[in-house]
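Text of protein_35.txt (compact mmCIF, C-alpha atoms and all ligand atoms) as supplied:
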```
# COMPACT_ATOMS: atom_id res chain seq x y z
CA MET A 1 -31.63 -53.22 16.53
CA THR A 2 -35.01 -54.91 16.78
CA SER A 3 -38.26 -53.40 18.01
CA GLY A 4 -37.99 -55.63 21.09
CA THR A 5 -34.93 -53.76 22.36
CA LEU A 6 -36.56 -50.34 22.11
CA HIS A 7 -37.61 -48.39 25.15
CA THR A 8 -41.37 -48.14 25.54
CA ARG A 9 -42.86 -45.48 27.75
CA ALA A 10 -45.63 -45.36 30.35
CA PRO A 11 -47.87 -42.27 30.20
CA SER A 12 -46.43 -40.88 33.45
CA SER A 13 -42.80 -41.84 32.88
CA PRO A 14 -40.00 -39.25 32.64
CA THR A 15 -39.74 -40.27 29.00
CA ALA A 16 -43.36 -39.24 28.46
CA ALA A 17 -42.60 -35.88 30.08
CA LYS A 18 -39.65 -35.37 27.71
CA ALA A 19 -41.81 -36.23 24.72
CA ARG A 20 -44.66 -33.88 25.67
CA PHE A 21 -43.04 -30.67 24.38
CA TRP A 22 -42.07 -32.28 21.06
CA ASP A 23 -45.40 -34.06 20.63
CA LYS A 24 -47.11 -30.67 20.92
CA ILE A 25 -44.98 -28.88 18.34
CA ALA A 26 -44.40 -31.79 15.92
CA ARG A 27 -46.78 -30.64 13.13
CA LYS A 28 -45.42 -27.08 13.24
CA TYR A 29 -41.83 -28.39 13.29
CA ALA A 30 -42.62 -30.47 10.20
CA ALA A 31 -43.96 -27.40 8.38
CA ASP A 32 -41.07 -25.05 9.30
CA PRO A 33 -38.41 -24.57 6.61
CA VAL A 34 -34.78 -25.53 7.35
CA ALA A 35 -33.09 -22.34 8.62
CA ASP A 36 -29.80 -22.69 6.70
CA MET A 37 -30.43 -24.94 3.70
CA ALA A 38 -26.87 -24.67 2.34
CA ALA A 39 -25.48 -25.87 5.69
CA TYR A 40 -28.02 -28.69 5.82
CA GLU A 41 -27.12 -29.87 2.33
CA ALA A 42 -23.40 -29.73 3.21
CA THR A 43 -24.03 -31.85 6.31
CA LEU A 44 -26.06 -34.36 4.30
CA ALA A 45 -23.36 -34.62 1.61
CA ARG A 46 -20.61 -35.06 4.19
CA THR A 47 -22.60 -37.72 6.07
CA ARG A 48 -23.53 -39.53 2.88
CA ALA A 49 -19.83 -39.74 1.96
CA LEU A 50 -19.15 -41.51 5.28
CA LEU A 51 -21.86 -44.15 4.79
CA GLY A 52 -21.66 -47.29 2.67
CA PRO A 53 -24.27 -49.42 0.92
CA ALA A 54 -23.99 -52.20 3.53
CA HIS A 55 -24.01 -49.93 6.59
CA ARG A 56 -26.57 -50.43 9.35
CA VAL A 57 -27.36 -46.95 10.62
CA LEU A 58 -29.18 -45.74 13.74
CA GLU A 59 -30.38 -42.15 14.01
CA ILE A 60 -31.32 -40.79 17.42
CA GLY A 61 -33.66 -37.80 17.72
CA CYS A 62 -34.65 -38.15 14.06
CA GLY A 63 -37.65 -35.81 14.43
CA THR A 64 -39.96 -35.96 11.42
CA GLY A 65 -37.53 -38.15 9.49
CA THR A 66 -36.31 -35.56 6.98
CA THR A 67 -32.64 -36.55 7.29
CA ALA A 68 -33.31 -40.30 7.44
CA LEU A 69 -35.41 -40.10 4.27
CA ARG A 70 -32.57 -38.24 2.51
CA LEU A 71 -29.86 -40.65 3.72
CA GLY A 72 -31.78 -43.91 3.35
CA PRO A 73 -30.62 -44.52 -0.24
CA SER A 74 -26.96 -44.18 0.85
CA CYS A 75 -26.90 -47.04 3.36
CA GLY A 76 -27.99 -50.64 3.83
CA ARG A 77 -30.49 -50.08 6.61
CA LEU A 78 -31.49 -47.03 8.64
CA VAL A 79 -33.58 -46.99 11.82
CA GLY A 80 -34.71 -43.49 12.79
CA THR A 81 -35.69 -43.10 16.46
CA ASP A 82 -37.22 -40.30 18.49
CA VAL A 83 -38.70 -39.88 21.95
CA SER A 84 -41.78 -38.18 20.46
CA ALA A 85 -44.50 -40.46 19.12
CA GLU A 86 -45.93 -37.51 17.16
CA MET A 87 -42.61 -36.89 15.41
CA ILE A 88 -42.38 -40.59 14.57
CA ALA A 89 -45.99 -40.60 13.30
CA ILE A 90 -45.09 -37.83 10.84
CA ALA A 91 -41.88 -39.62 9.81
CA ARG A 92 -43.92 -42.77 9.12
CA GLU A 93 -46.47 -40.78 7.09
CA ARG A 94 -43.63 -39.41 4.98
CA LEU A 95 -42.14 -42.86 4.56
CA ALA A 96 -45.52 -44.27 3.54
CA ALA A 97 -45.78 -41.53 0.89
CA ALA A 98 -42.34 -42.42 -0.54
CA PRO A 99 -41.51 -45.97 0.62
CA GLN A 100 -37.92 -47.08 1.21
CA PRO A 101 -37.80 -50.75 2.29
CA ASN A 102 -34.52 -50.30 4.20
CA LEU A 103 -35.89 -47.49 6.38
CA GLU A 104 -37.84 -47.77 9.64
CA PHE A 105 -38.96 -45.37 12.36
CA GLN A 106 -39.35 -46.26 16.04
CA VAL A 107 -40.15 -44.39 19.25
CA ALA A 108 -37.12 -44.59 21.56
CA ASP A 109 -35.53 -42.46 24.27
CA ALA A 110 -31.89 -41.65 23.59
CA ASP A 111 -31.29 -41.39 27.35
CA ALA A 112 -32.37 -44.96 28.03
CA PRO A 113 -29.47 -47.31 28.68
CA GLU A 114 -31.38 -50.28 27.18
CA PHE A 115 -31.52 -48.39 23.91
CA GLY A 116 -29.83 -51.16 22.00
CA GLN A 117 -27.14 -53.78 22.15
CA ALA A 118 -27.31 -54.20 18.40
CA ARG A 119 -24.32 -53.55 16.19
CA HIS A 120 -24.65 -50.50 14.02
CA ASP A 121 -21.96 -49.21 11.68
CA ALA A 122 -22.98 -45.60 12.30
CA VAL A 123 -25.02 -43.68 14.84
CA LEU A 124 -26.31 -40.26 13.77
CA ALA A 125 -27.26 -37.56 16.28
CA PHE A 126 -28.37 -34.32 14.64
CA ASN A 127 -29.61 -31.44 16.80
CA VAL A 128 -30.39 -33.71 19.74
CA LEU A 129 -27.42 -34.13 22.13
CA HIS A 130 -28.26 -30.78 23.83
CA LEU A 131 -31.82 -32.06 24.44
CA VAL A 132 -31.17 -35.34 26.22
CA SER A 133 -31.45 -35.40 30.02
CA ASP A 134 -28.01 -36.85 30.56
CA LEU A 135 -25.29 -36.54 27.94
CA ASP A 136 -23.21 -39.38 29.38
CA ALA A 137 -26.21 -41.75 29.50
CA ALA A 138 -27.09 -40.89 25.90
CA LEU A 139 -23.50 -41.42 24.76
CA THR A 140 -23.35 -44.74 26.64
CA ALA A 141 -26.56 -45.87 24.89
CA ALA A 142 -25.28 -44.72 21.48
CA LEU A 143 -21.93 -46.41 22.01
CA ASN A 144 -23.68 -49.66 23.02
CA ALA A 145 -25.50 -49.58 19.72
CA LEU A 146 -22.31 -48.98 17.73
CA ALA A 147 -20.00 -51.73 16.48
CA PRO A 148 -16.25 -51.39 17.16
CA GLY A 149 -14.80 -49.18 14.44
CA GLY A 150 -18.27 -47.70 13.81
CA LEU A 151 -18.87 -43.98 13.36
CA PHE A 152 -20.66 -41.58 15.68
CA ILE A 153 -21.69 -38.54 13.65
CA SER A 154 -23.27 -35.55 15.34
CA LYS A 155 -24.15 -31.93 14.79
CA THR A 156 -25.13 -30.22 18.01
CA PRO A 157 -25.87 -26.62 19.05
CA CYS A 158 -23.29 -25.77 21.72
CA ILE A 159 -25.31 -23.28 23.72
CA ALA A 160 -22.50 -22.31 26.11
CA ASP A 161 -20.56 -21.01 23.08
CA MET A 162 -23.47 -18.78 22.02
CA ASN A 163 -24.55 -15.39 23.40
CA PRO A 164 -24.72 -15.90 27.21
CA LEU A 165 -28.16 -14.26 27.26
CA LEU A 166 -29.53 -17.21 25.31
CA GLY A 167 -28.60 -19.90 27.84
CA LYS A 168 -28.97 -17.77 30.97
CA VAL A 169 -32.07 -15.69 30.22
CA LEU A 170 -33.92 -16.38 26.97
CA LEU A 171 -34.13 -20.18 27.09
CA PRO A 172 -35.07 -20.35 30.82
CA VAL A 173 -37.85 -17.78 30.25
CA MET A 174 -39.09 -19.60 27.14
CA ARG A 175 -39.03 -22.81 29.11
CA LEU A 176 -41.18 -21.27 31.86
CA LEU A 177 -43.65 -20.22 29.16
CA GLY A 178 -43.66 -23.71 27.66
CA LYS A 179 -42.01 -22.42 24.47
CA ALA A 180 -38.71 -24.30 24.83
CA PRO A 181 -37.70 -27.74 26.08
CA PRO A 182 -35.10 -28.29 28.83
CA VAL A 183 -31.64 -28.01 27.28
CA LEU A 184 -28.10 -28.93 28.25
CA SER A 185 -25.68 -26.05 27.86
CA PHE A 186 -22.14 -27.09 26.98
CA ARG A 187 -19.24 -25.80 24.92
CA ALA A 188 -17.94 -27.54 21.80
CA SER A 189 -14.77 -28.29 23.74
CA GLU A 190 -16.84 -29.93 26.51
CA LEU A 191 -18.76 -32.01 23.97
CA GLN A 192 -15.52 -33.19 22.41
CA ALA A 193 -14.15 -34.02 25.86
CA ALA A 194 -17.28 -36.09 26.57
CA LEU A 195 -16.87 -38.01 23.31
CA THR A 196 -13.22 -38.69 24.11
CA ARG A 197 -14.20 -39.79 27.64
CA HIS A 198 -16.47 -42.37 26.02
CA ASP A 199 -13.50 -43.76 24.15
CA LEU A 200 -14.43 -42.25 20.81
CA GLU A 201 -11.61 -41.09 18.57
CA ILE A 202 -12.52 -37.73 17.04
CA LEU A 203 -11.77 -37.78 13.31
CA ALA A 204 -13.18 -34.44 12.22
CA VAL A 205 -14.75 -31.27 13.60
CA GLU A 206 -16.30 -29.04 10.95
CA TYR A 207 -18.65 -26.08 10.72
CA HIS A 208 -21.10 -26.10 7.81
CA GLY A 209 -23.08 -22.95 8.69
CA THR A 210 -23.32 -20.24 6.06
CA ARG A 211 -25.01 -17.58 8.20
CA GLY A 212 -22.89 -15.83 10.84
CA LYS A 213 -20.82 -17.60 13.46
CA ASP A 214 -21.74 -21.29 13.49
CA ARG A 215 -21.87 -22.87 16.97
CA ARG A 216 -23.06 -26.27 15.81
CA PRO A 217 -19.98 -28.40 15.18
CA PHE A 218 -20.37 -31.37 12.86
CA ILE A 219 -18.29 -34.05 14.56
CA VAL A 220 -17.21 -37.42 13.18
CA ALA A 221 -15.85 -39.85 15.78
CA ARG A 222 -14.93 -43.50 15.63
CA LYS A 223 -15.56 -46.13 18.30
CA ARG A 224 -12.20 -47.71 18.99
CA GLY A 225 -11.70 -51.26 17.75
CA PRO A 226 -11.50 -52.98 14.39
CA ALA A 227 -14.04 -51.89 11.78
CA SER A 228 -16.64 -54.53 10.91
CA GLY A 229 -15.98 -54.02 7.18
C1 LIG A 301 -34.49 -30.05 17.23
S1 LIG A 301 -35.27 -31.57 16.84
C2 LIG A 301 -34.12 -32.25 15.66
C3 LIG A 301 -34.77 -33.24 14.74
C4 LIG A 301 -33.84 -33.72 13.62
N1 LIG A 301 -32.73 -34.51 14.14
C5 LIG A 301 -33.32 -32.54 12.86
O1 LIG A 301 -32.11 -32.30 12.85
O2 LIG A 301 -34.16 -31.83 12.24
C6 LIG A 301 -34.92 -32.51 18.25
C7 LIG A 301 -35.57 -33.88 18.24
O3 LIG A 301 -35.01 -34.62 19.32
C8 LIG A 301 -36.04 -35.35 19.94
N2 LIG A 301 -35.63 -35.67 21.32
C9 LIG A 301 -35.53 -34.84 22.38
N3 LIG A 301 -35.11 -35.53 23.45
C10 LIG A 301 -34.93 -36.80 23.06
C11 LIG A 301 -34.53 -38.00 23.71
N4 LIG A 301 -34.23 -38.03 25.01
N5 LIG A 301 -34.46 -39.14 22.98
C12 LIG A 301 -34.76 -39.15 21.66
N6 LIG A 301 -35.18 -38.05 21.00
C13 LIG A 301 -35.25 -36.89 21.68
C14 LIG A 301 -37.26 -34.47 19.84
O4 LIG A 301 -38.45 -35.20 19.98
C15 LIG A 301 -37.08 -33.85 18.46
O5 LIG A 301 -37.71 -34.61 17.47
```
Show me this structure written as structure tokens.
Ligand SMILES: C[S@@+](CC[C@H](N)C(=O)[O-])C[C@H]1O[C@@H](n2cnc3c(N)ncnc32)[C@H](O)[C@@H]1O
Amino acid sequence: MTSGTLHTRAPSSPTAAKARFWDKIARKYAADPVADMAAYEATLARTRALLGPAHRVLEIGCGTGTTALRLGPSCGRLVGTDVSAEMIAIARERLAAAPQPNLEFQVADADAPEFGQARHDAVLAFNVLHLVSDLDAALTAALNALAPGGLFISKTPCIADMNPLLGKVLLPVMRLLGKAPPVLSFRASELQAALTRHDLEILAVEYHGTRGKDRRPFIVARKRGPASG
């Protein structure tokens, strides 16, 4: 992917509206500790094992770049993207403090169909598929960016599998108060069905959580077609 293919946003565009919540909380998000560090490390190790030194990797919803910075040394090139310019600013600050020449951060909306026609060997989507406006549009954009045989790797909170009060009461109230973004509520089974509908072959569904019942499946899926090698 080149910068020229990335979605830029006008101040009043729907993309700008999506970014507003995350722009506001970006510095706090950066300072917050990872809730389940053992699960996070397991996810990183599993992802790392799926990447190769020549792989061109795209991460959508990369936030402050924590995961991209950890995975950069395990692949050929990694472009971390996020709808929030503030999140990307922090990711770039972190990259500047510990440079990795194969790593780059760009503002981009995962919902936008022009997201990229480039050929990536892997697309990573961690904690973001429940936040896009349209799951099918985001999957179409991700699949466009992926080479045949490439891997789509995601870990996504499946809110419809959680306590119903969360999706039906707590999140809507928090949203009214400006304390939560709009979210999509789907079950893990519905997410898997969506991936299959987009012609992805699901290779693995795992749960890495170490605290209580984990509702964030780590899914590895392959875009059908011959691998690029
Ligand atoms: C919960 S954070 C997860 C960040 C990181 N992937 C992680 O696991 O820590 C969600 C991120 O998704 C981004 N995001 C939300 N909607 C997006 C969209 N439509 N396109 C790209 N990024 C989006 C937010 O700006 C935020 O940085």
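Of the residues under consideration (A:Phe105, A:Phe152, A:Tyr207, A:Phe126), A:Phe126 shows the shortest atom-to-atom contact distance to ligand LIG 301 (chain A) when counting all atoms listed in the file.
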Problem set entry | Environment of ligand LIG 301 (chain A) within 7 Å, counting all atoms listed in the file, reported as a ChimeraX atom specification | /A:18-19,22,60-64,66-67,81-84,87,108-111,125-128,131-133
For this session: Would you list the contacts of Lys223 of chain A as JSON, numbers by chain, taking every protein, DNA or RNA residue within 10 Å and counting only C-alpha atoms, but skipping same-chain residues closer than 4 positions in sequence?
Result: {"A": [121, 122, 143, 146, 147, 148, 149, 150, 151, 152, 195, 196, 198, 199, 200, 201, 202, 227]}
I'd like the neighbourhood of Val57 of chain A as a short mmCIF file (atom, residue, chain, number, x, y, z; two decimals) with C-alpha atoms, in the frame of the given file, where a residue qualifies if any of its atoms comes within 8 Å (using only C-alpha atoms), though same-chain residues fewer than 6 positions away should be ignored.
```
data_model
loop_
_atom_site.label_atom_id
_atom_site.label_comp_id
_atom_site.auth_asym_id
_atom_site.auth_seq_id
_atom_site.Cartn_x
_atom_site.Cartn_y
_atom_site.Cartn_z
CA CYS A 75 -26.90 -47.04 3.36
CA GLY A 76 -27.99 -50.64 3.83
CA ARG A 77 -30.49 -50.08 6.61
CA LEU A 78 -31.49 -47.03 8.64
CA VAL A 79 -33.58 -46.99 11.82
CA HIS A 120 -24.65 -50.50 14.02
CA ASP A 121 -21.96 -49.21 11.68
CA ALA A 122 -22.98 -45.60 12.30
CA VAL A 123 -25.02 -43.68 14.84
CA LEU A 124 -26.31 -40.26 13.77
#
```
For this session: Tell me, in Å to one decimal, how far atom CA of His55 of chain A is from atom CA of Pro226 of chain A.
Result: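 Between atom CA of His55 of chain A and atom CA of Pro226 of chain A the gap is 15.1 Å.
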